[in-house]
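Enquirer: Structure file query-v7.tsv, TSV, C-alpha atoms and all ligand atoms, is pasted below:
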```tsv
chain	number	residue	atom	x	y	z
A	1	MET	CA	-54.27	11.72	198.48
A	2	SER	CA	-54.11	9.42	195.43
A	3	ARG	CA	-52.27	6.15	195.80
A	4	TYR	CA	-50.56	6.69	192.44
A	5	VAL	CA	-49.26	9.91	190.94
A	6	GLU	CA	-47.97	10.36	187.39
A	7	VAL	CA	-44.71	12.21	188.15
A	8	VAL	CA	-43.31	12.61	184.62
A	9	ASP	CA	-45.58	12.36	181.58
A	10	ALA	CA	-44.59	10.94	178.20
A	11	GLU	CA	-44.09	14.31	176.53
A	12	ALA	CA	-41.83	15.61	179.32
A	13	LEU	CA	-39.77	12.42	179.09
A	14	ARG	CA	-39.24	12.81	175.36
A	15	GLU	CA	-38.42	16.50	175.71
A	16	ARG	CA	-35.87	15.94	178.47
A	17	ALA	CA	-34.25	13.07	176.55
A	18	ALA	CA	-33.91	15.38	173.55
A	19	GLN	CA	-32.30	18.14	175.66
A	20	LEU	CA	-29.85	15.69	177.22
A	21	GLY	CA	-29.02	14.17	173.84
A	22	GLU	CA	-28.28	17.59	172.36
A	23	ALA	CA	-26.08	18.56	175.34
A	24	ILE	CA	-24.16	15.27	175.11
A	25	ALA	CA	-23.71	15.59	171.35
A	26	ALA	CA	-22.30	19.12	171.80
A	27	ASP	CA	-19.93	18.04	174.62
A	28	TYR	CA	-18.51	15.00	172.80
A	29	GLY	CA	-18.05	16.88	169.54
A	30	ALA	CA	-16.05	14.75	167.10
A	31	ARG	CA	-15.43	11.97	169.66
A	32	ARG	CA	-17.39	8.77	169.09
A	33	PRO	CA	-18.71	7.50	172.44
A	34	LEU	CA	-19.47	3.91	173.30
A	35	VAL	CA	-22.98	4.25	174.72
A	36	VAL	CA	-23.59	1.48	177.25
A	37	ALA	CA	-27.17	0.98	178.42
A	38	VAL	CA	-27.80	-0.90	181.64
A	39	LEU	CA	-30.43	-3.58	181.02
A	40	LYS	CA	-33.28	-3.71	181.32
A	41	GLY	CA	-34.53	-0.45	182.76
A	42	ALA	CA	-32.55	1.96	180.57
A	43	VAL	CA	-33.99	0.75	177.24
A	44	PRO	CA	-36.88	3.23	176.70
A	45	PHE	CA	-34.64	6.14	177.73
A	46	LEU	CA	-31.80	4.87	175.50
A	47	ILE	CA	-34.12	4.93	172.49
A	48	ASP	CA	-35.39	8.47	173.09
A	49	LEU	CA	-31.92	9.77	174.00
A	50	THR	CA	-29.93	8.31	171.13
A	51	ARG	CA	-32.31	9.78	168.54
A	52	HIS	CA	-30.57	13.06	169.41
A	53	LEU	CA	-27.00	11.74	169.17
A	54	PRO	CA	-24.98	11.59	165.94
A	55	PRO	CA	-25.41	8.46	163.80
A	56	ASP	CA	-21.85	7.20	164.33
A	57	ILE	CA	-22.19	6.45	168.05
A	58	GLU	CA	-21.85	2.82	169.08
A	59	ILE	CA	-24.50	1.25	171.33
A	60	ASP	CA	-23.91	-1.69	173.64
A	61	PHE	CA	-25.60	-3.32	176.62
A	62	LEU	CA	-24.70	-4.68	180.01
A	63	SER	CA	-26.76	-6.42	182.64
A	64	LEU	CA	-26.01	-6.65	186.34
A	65	THR	CA	-26.90	-8.86	189.26
A	66	ARG	CA	-27.33	-7.50	192.72
A	67	PHE	CA	-26.94	-9.52	195.93
A	68	GLY	CA	-28.92	-8.08	198.86
A	69	THR	CA	-30.15	-4.50	199.27
A	70	GLN	CA	-26.70	-3.02	199.81
A	71	GLY	CA	-24.73	-5.96	198.49
A	72	ARG	CA	-22.23	-6.69	195.78
A	73	VAL	CA	-22.95	-5.97	192.14
A	74	GLY	CA	-21.89	-8.58	189.57
A	75	ILE	CA	-21.99	-8.71	185.76
A	76	ALA	CA	-24.64	-11.02	184.27
A	77	LEU	CA	-24.13	-9.92	180.65
A	78	ASP	CA	-21.03	-7.99	179.61
A	79	VAL	CA	-20.49	-5.48	176.81
A	80	SER	CA	-19.53	-7.09	173.52
A	81	VAL	CA	-16.60	-4.81	172.61
A	82	PRO	CA	-13.35	-3.78	174.35
A	83	VAL	CA	-13.65	-0.52	176.25
A	84	ALA	CA	-9.91	0.31	176.43
A	85	GLY	CA	-9.31	3.75	174.97
A	86	ARG	CA	-13.04	4.42	174.49
A	87	ASP	CA	-15.16	7.29	175.79
A	88	VAL	CA	-17.82	5.32	177.65
A	89	LEU	CA	-21.21	6.91	178.27
A	90	VAL	CA	-23.26	4.85	180.74
A	91	VAL	CA	-27.03	5.17	180.30
A	92	GLU	CA	-29.01	4.46	183.49
A	93	ASP	CA	-32.71	4.64	184.24
A	94	ILE	CA	-32.26	5.74	187.85
A	95	VAL	CA	-29.44	6.28	190.31
A	96	ASP	CA	-30.63	5.28	193.76
A	97	THR	CA	-27.99	4.21	196.32
A	98	GLY	CA	-25.31	4.73	193.65
A	99	LEU	CA	-23.85	1.24	194.21
A	100	THR	CA	-24.55	0.07	190.66
A	101	LEU	CA	-23.05	3.13	189.06
A	102	ALA	CA	-20.00	3.17	191.33
A	103	THR	CA	-19.29	-0.45	190.36
A	104	LEU	CA	-19.71	0.25	186.65
A	105	ARG	CA	-17.39	3.23	186.75
A	106	ARG	CA	-14.79	1.17	188.56
A	107	ILE	CA	-15.04	-1.66	186.01
A	108	PHE	CA	-14.77	0.59	182.94
A	109	THR	CA	-11.93	2.63	184.43
A	110	ALA	CA	-10.02	-0.56	185.34
A	111	ARG	CA	-10.44	-1.76	181.75
A	112	GLY	CA	-8.70	1.37	180.48
A	113	ALA	CA	-11.62	3.47	179.21
A	114	ARG	CA	-10.40	6.91	178.15
A	115	SER	CA	-13.33	8.53	179.95
A	116	VAL	CA	-16.46	7.35	181.77
A	117	ARG	CA	-19.51	9.58	182.07
A	118	THR	CA	-23.07	8.84	183.08
A	119	VAL	CA	-26.44	9.99	181.86
A	120	ALA	CA	-29.22	9.03	184.26
A	121	LEU	CA	-32.84	9.80	183.53
A	122	LEU	CA	-33.72	9.99	187.24
A	123	ASP	CA	-31.70	10.81	190.31
A	124	LYS	CA	-33.03	9.68	193.70
A	125	ARG	CA	-30.49	11.77	195.54
A	126	PRO	CA	-31.97	11.44	199.08
A	127	ARG	CA	-31.21	7.70	199.01
A	128	ARG	CA	-27.57	7.92	197.95
A	129	ILE	CA	-25.10	5.74	199.89
A	130	VAL	CA	-22.09	6.10	197.58
A	131	ASP	CA	-21.07	9.53	196.34
A	132	VAL	CA	-20.81	8.94	192.61
A	133	PRO	CA	-20.68	11.56	189.84
A	134	VAL	CA	-23.67	11.84	187.48
A	135	GLU	CA	-22.65	14.14	184.64
A	136	TYR	CA	-26.05	14.33	182.94
A	137	ARG	CA	-29.36	13.91	184.79
A	138	GLY	CA	-32.93	14.13	183.60
A	139	PHE	CA	-34.98	14.73	186.74
A	140	GLU	CA	-34.38	14.72	190.47
A	141	VAL	CA	-37.00	12.66	192.27
A	142	GLY	CA	-37.96	11.91	195.88
A	143	ASP	CA	-37.69	8.53	197.53
A	144	GLU	CA	-41.08	7.11	196.41
A	145	PHE	CA	-41.04	3.83	194.47
A	146	LEU	CA	-41.40	4.60	190.76
A	147	LEU	CA	-42.78	2.56	187.89
A	148	GLY	CA	-42.89	2.86	184.10
A	149	TYR	CA	-40.66	3.93	181.18
A	150	GLY	CA	-38.22	1.12	182.03
A	151	LEU	CA	-38.75	0.99	185.80
A	152	ASP	CA	-40.31	-2.21	187.02
A	153	TRP	CA	-41.78	-4.08	189.93
A	154	GLN	CA	-41.20	-7.84	189.56
A	155	GLY	CA	-40.47	-7.37	185.86
A	156	ARG	CA	-43.76	-5.56	185.20
A	157	TYR	CA	-44.73	-2.05	184.08
A	158	ARG	CA	-41.52	-1.30	182.14
A	159	ASN	CA	-43.65	-0.62	179.05
A	160	LEU	CA	-45.68	2.24	180.56
A	161	PRO	CA	-45.10	5.40	178.50
A	162	SER	CA	-44.79	7.64	181.59
A	163	ILE	CA	-43.44	7.44	185.14
A	164	TRP	CA	-45.69	6.87	188.14
A	165	ALA	CA	-44.96	7.18	191.86
A	166	VAL	CA	-46.42	4.60	194.22
A	167	MET	CA	-47.45	6.59	197.31
A	168	ASP	CA	-48.38	3.60	199.48
A	169	PHE	CA	-46.09	0.70	198.61
A	170	PRO	CA	-47.58	-1.95	200.97
A	171	ALA	CA	-51.09	-1.23	199.59
A	172	PHE	CA	-49.76	-1.53	196.00
A	173	ARG	CA	-47.96	-4.81	196.75
A	174	ASP	CA	-51.14	-6.25	198.28
A	175	ASP	CA	-53.35	-5.16	195.39
A	176	PRO	CA	-51.42	-4.22	192.22
A	177	LYS	CA	-54.61	-4.67	190.14
A	178	THR	CA	-55.83	-1.22	191.27
A	179	PHE	CA	-52.77	0.24	189.55
A	180	ASP	CA	-53.26	-2.00	186.49
A	181	ALA	CA	-56.82	-0.70	186.12
A	182	LEU	CA	-55.56	2.89	186.25
A	183	VAL	CA	-52.72	2.55	183.74
A	184	PHE	CA	-54.03	-0.26	181.51
A	185	PRO	CA	-57.83	0.22	181.58
A	186	THR	CA	-58.30	-1.84	178.41
A	187	ALA	CA	-56.21	-4.72	179.72
A	188	ALA	CA	-58.19	-4.72	182.96
A	189	ARG	CA	-61.48	-4.84	180.98
A	190	SER	CA	-60.31	-7.68	178.75
A	191	GLN	CA	-59.10	-9.68	181.79
A	192	ARG	CA	-62.56	-9.37	183.31
A	193	SER	CA	-64.31	-10.54	180.14
A	194	ARG	CA	-61.99	-13.54	179.66
A	195	PRO	CA	-63.85	-16.87	179.94
B	1	LIG	P1	-28.62	1.66	192.86
B	1	LIG	O1	-27.48	0.72	192.71
B	1	LIG	O2	-29.21	1.57	194.25
B	1	LIG	O3	-28.33	3.08	192.50
B	1	LIG	O4	-29.76	1.07	192.01
B	1	LIG	C1	-30.16	1.44	190.78
B	1	LIG	C2	-31.18	0.42	190.30
B	1	LIG	O5	-32.20	0.20	191.30
B	1	LIG	C3	-31.90	0.96	189.10
B	1	LIG	O6	-31.19	0.68	187.92
B	1	LIG	C4	-33.24	0.28	189.21
B	1	LIG	O7	-33.18	-0.98	188.59
B	1	LIG	C5	-33.46	0.06	190.69
B	1	LIG	N1	-34.39	1.06	191.27
B	1	LIG	C6	-34.08	2.06	192.10
B	1	LIG	N2	-35.17	2.80	192.44
B	1	LIG	C7	-36.20	2.24	191.78
B	1	LIG	C8	-37.61	2.56	191.68
B	1	LIG	O8	-38.13	3.52	192.28
B	1	LIG	N3	-38.37	1.76	190.89
B	1	LIG	C9	-37.85	0.69	190.21
B	1	LIG	N4	-36.53	0.37	190.26
B	1	LIG	C10	-35.72	1.14	191.03
```
Can I see the file as structure tokens?
Ligand code: IMP

Expert:
Amino acid sequence: MSRYVEVVDAEALRERAAQLGEAIAADYGARRPLVVAVLKGAVPFLIDLTRHLPPDIEIDFLSLTRFGTQGRVGIALDVSVPVAGRDVLVVEDIVDTGLTLATLRRIFTARGARSVRTVALLDKRPRRIVDVPVEYRGFEVGDEFLLGYGLDWQGRYRNLPSIWAVMDFPAFRDDPKTFDALVFPTAARSQRSRP
């Protein structure tokens, strides 16, 4: 079996983002949602998704800190506008344990948002700890570690145009260059020829 498998290609990602965008646009109708993307992983998805939303939506960002694998979630960078009375649409790259999303929903609800909904590109349902609603989801995935299209390992690989599953995580961690050579063949060549 290959160590790395491309689980969603670039075309499928764009197509699914378009479908989700159209469904969201139809559901919100004349309401003007505050679209809040969770940094940094949701950025590629946000771009593809919002191309299919009406031009009067408002986009904002929020960044979180996480302490420990099941620990508390804190806000590192907050949204720049008040959310009271707004229809907040949270854009997430992936829902895993659900801790991040549960915290976000709690925060926005406590601040008086009129509604809070979530669009998540990926749903890793088998790993859920907190039962949290996900109103719009792109793809259900297994519990493999995923990279690309916003998803990272140590801040790397977010810029890959498609999503890859790492089938043997310890082997990847010990030798990520094998993956680099597969997904960035040119970069691997130029590294080798560097003086
Ligand atoms: P949750 O709070 O456990 O649901 O965590 C969601 C966050 O975990 C995502 O926004 C990602 O940053 C990160 N994450 C979860 N699974 C993966 C993965 O397979 N690859 C990269 N990051 C992941």

Enquirer: Kindly give the distance, in Å, that separates CA of Tyr157 in chain A and CA of His52 in chain A, rounded to a single decimal.

Expert: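 If I compute the distance from CA of Tyr157 in chain A to CA of His52 in chain A, I get 25.4 Å.
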
Enquirer: Contacts of range 152-156 of chain A at 10 Å or less, counting all atoms listed in the file, minus same-chain residues fewer than 4 places along, as a list of chain:residue names?

Expert: A:Lys40, A:Gly41, A:Phe145, A:Leu146, A:Leu147, A:Gly148, A:Leu160, A:Arg173, A:Pro176

Enquirer: For the atom pair CA of Ile24 in chain A and CA of Thr97 in chain A, what is the interatomic distance in Å to one decimal place?

Expert: 24.2 Å

Enquirer: If the box runs along x, y and z of the file and leaves 5 Å on each side of ligand LIG 1 (chain B), what are its centre and edge lengths in Å, one decimal, as lines of an AutoDock Vina configuration file?

Expert:
```
center_x = -32.9
center_y = 1.3
center_z = 191.1
size_x = 20.9
size_y = 14.5
size_z = 16.3
```

Enquirer: For a quick check of understanding, using only C-alpha atoms, which of A:Arg137, A:Arg32, A:Arg128, A:Arg14 has the smallest distance to Pro161 in chain A?

Expert: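 Counting only C-alpha atoms, the residue closest to Pro161 in chain A is A:Arg14.
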
Enquirer: Counting only C-alpha atoms, which residues have an atom no more than 8 Å from (-25.3, 12.3, 183.4) in the file's coordinates? Please list them as a ChimeraX atom specification.

Expert: /A:91,117-121,133-138

Enquirer: CA of Lys124 in chain A and CA of Val83 in chain A, how far apart in Å?

Expert: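 The value is 28.0 Å.
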
Enquirer: Looking at A:Gly98, A:Pro82, A:Gly74, A:Pro54, which one is nearest to ligand LIG 1 (chain B), with distances taken over all atoms listed in the file?

Expert: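 For ligand LIG 1 (chain B), the nearest of the given residues is A:Gly98.
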
Enquirer: Identify, on the basis of all atoms listed in the file, every residue whose closest approach to Glu22 in chain A does not exceed 10 Å; exclude the query and any residue fewer than 6 positions from it along the same chain; express the result as a list in words.

Expert: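 The residues that qualify are Arg16, Leu49, Thr50, Arg51, His52, Leu53 and Pro54 of chain A.
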
Enquirer: Just C-alpha atoms for this one: save the residues we selected as an mmCIF file, in the coordinates of the input.

Expert:
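What ended up in part_19.cif:
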```cif
data_model
loop_
_atom_site.group_PDB
_atom_site.id
_atom_site.type_symbol
_atom_site.label_atom_id
_atom_site.label_comp_id
_atom_site.auth_asym_id
_atom_site.auth_seq_id
_atom_site.Cartn_x
_atom_site.Cartn_y
_atom_site.Cartn_z
ATOM 1 C CA ARG A 16 -35.870 15.940 178.470
ATOM 2 C CA LEU A 49 -31.920 9.770 174.000
ATOM 3 C CA THR A 50 -29.930 8.310 171.130
ATOM 4 C CA ARG A 51 -32.310 9.780 168.540
ATOM 5 C CA HIS A 52 -30.570 13.060 169.410
ATOM 6 C CA LEU A 53 -27.000 11.740 169.170
ATOM 7 C CA PRO A 54 -24.980 11.590 165.940
#
```

Enquirer: Smallest atom-to-atom distance to Asp93 in chain A: which of A:Tyr149, A:Phe184, A:Tyr28, A:Phe67, using all atoms listed in the file?

Expert: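 Ranking A:Tyr149, A:Phe184, A:Tyr28, A:Phe67 by distance to Asp93 in chain A, first place goes to A:Tyr149.
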
Enquirer: List the neighbours of Leu77 in chain A out to 12 Å using only C-alpha atoms; skip same-chain residues closer than 4 positions along the sequence, and give me the result as a PyMOL selection string.

Expert: chain A and resi 36-40+60-65

Enquirer: From the set A:Glu144, A:Glu58, A:Asp175, A:Asp180, which residue has the shortest atom-to-atom contact distance to ligand LIG 1 (chain B), counting only C-alpha atoms and all ligand atoms?

Expert: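 Once distances to ligand LIG 1 (chain B) are computed over only C-alpha atoms and all ligand atoms, the minimum belongs to A:Glu144.
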
Enquirer: Point out the residue among A:Val73, A:Val81, A:Ile107, A:Ala113 with the least atom-to-atom distance to ligand LIG 1 (chain B), counting all atoms listed in the file.

Expert: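 Comparing A:Val73, A:Val81, A:Ile107, A:Ala113 against ligand LIG 1 (chain B), the winner is A:Val73.
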
Enquirer: Rank nothing, just name the residue among A:Leu182, A:Phe172, A:Leu122, A:Val132 nearest to Val8 in chain A, using all atoms listed in the file.

Expert: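 Of A:Leu182, A:Phe172, A:Leu122, A:Val132, the one nearest Val8 in chain A is A:Leu122, counting all atoms listed in the file.
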
Enquirer: For a cut-off of 8 Å around (-17.1, 7.7, 180.4), file coordinates, pick out all residues using only C-alpha atoms and list them as a ChimeraX atom specification.

Expert: /A:86-90,105,108,113-118

Enquirer: Output C-alpha atoms for every residue in the selection just made, as a PDB file, keeping the file's coordinate frame.

Expert:
```pdb
ATOM      1  CA  ARG A  86     -13.040   4.420 174.490  1.00  0.00           C
ATOM      2  CA  ASP A  87     -15.160   7.290 175.790  1.00  0.00           C
ATOM      3  CA  VAL A  88     -17.820   5.320 177.650  1.00  0.00           C
ATOM      4  CA  LEU A  89     -21.210   6.910 178.270  1.00  0.00           C
ATOM      5  CA  VAL A  90     -23.260   4.850 180.740  1.00  0.00           C
ATOM      6  CA  ARG A 105     -17.390   3.230 186.750  1.00  0.00           C
ATOM      7  CA  PHE A 108     -14.770   0.590 182.940  1.00  0.00           C
ATOM      8  CA  ALA A 113     -11.620   3.470 179.210  1.00  0.00           C
ATOM      9  CA  ARG A 114     -10.400   6.910 178.150  1.00  0.00           C
ATOM     10  CA  SER A 115     -13.330   8.530 179.950  1.00  0.00           C
ATOM     11  CA  VAL A 116     -16.460   7.350 181.770  1.00  0.00           C
ATOM     12  CA  ARG A 117     -19.510   9.580 182.070  1.00  0.00           C
ATOM     13  CA  THR A 118     -23.070   8.840 183.080  1.00  0.00           C
TER      14      THR A 118
END
```
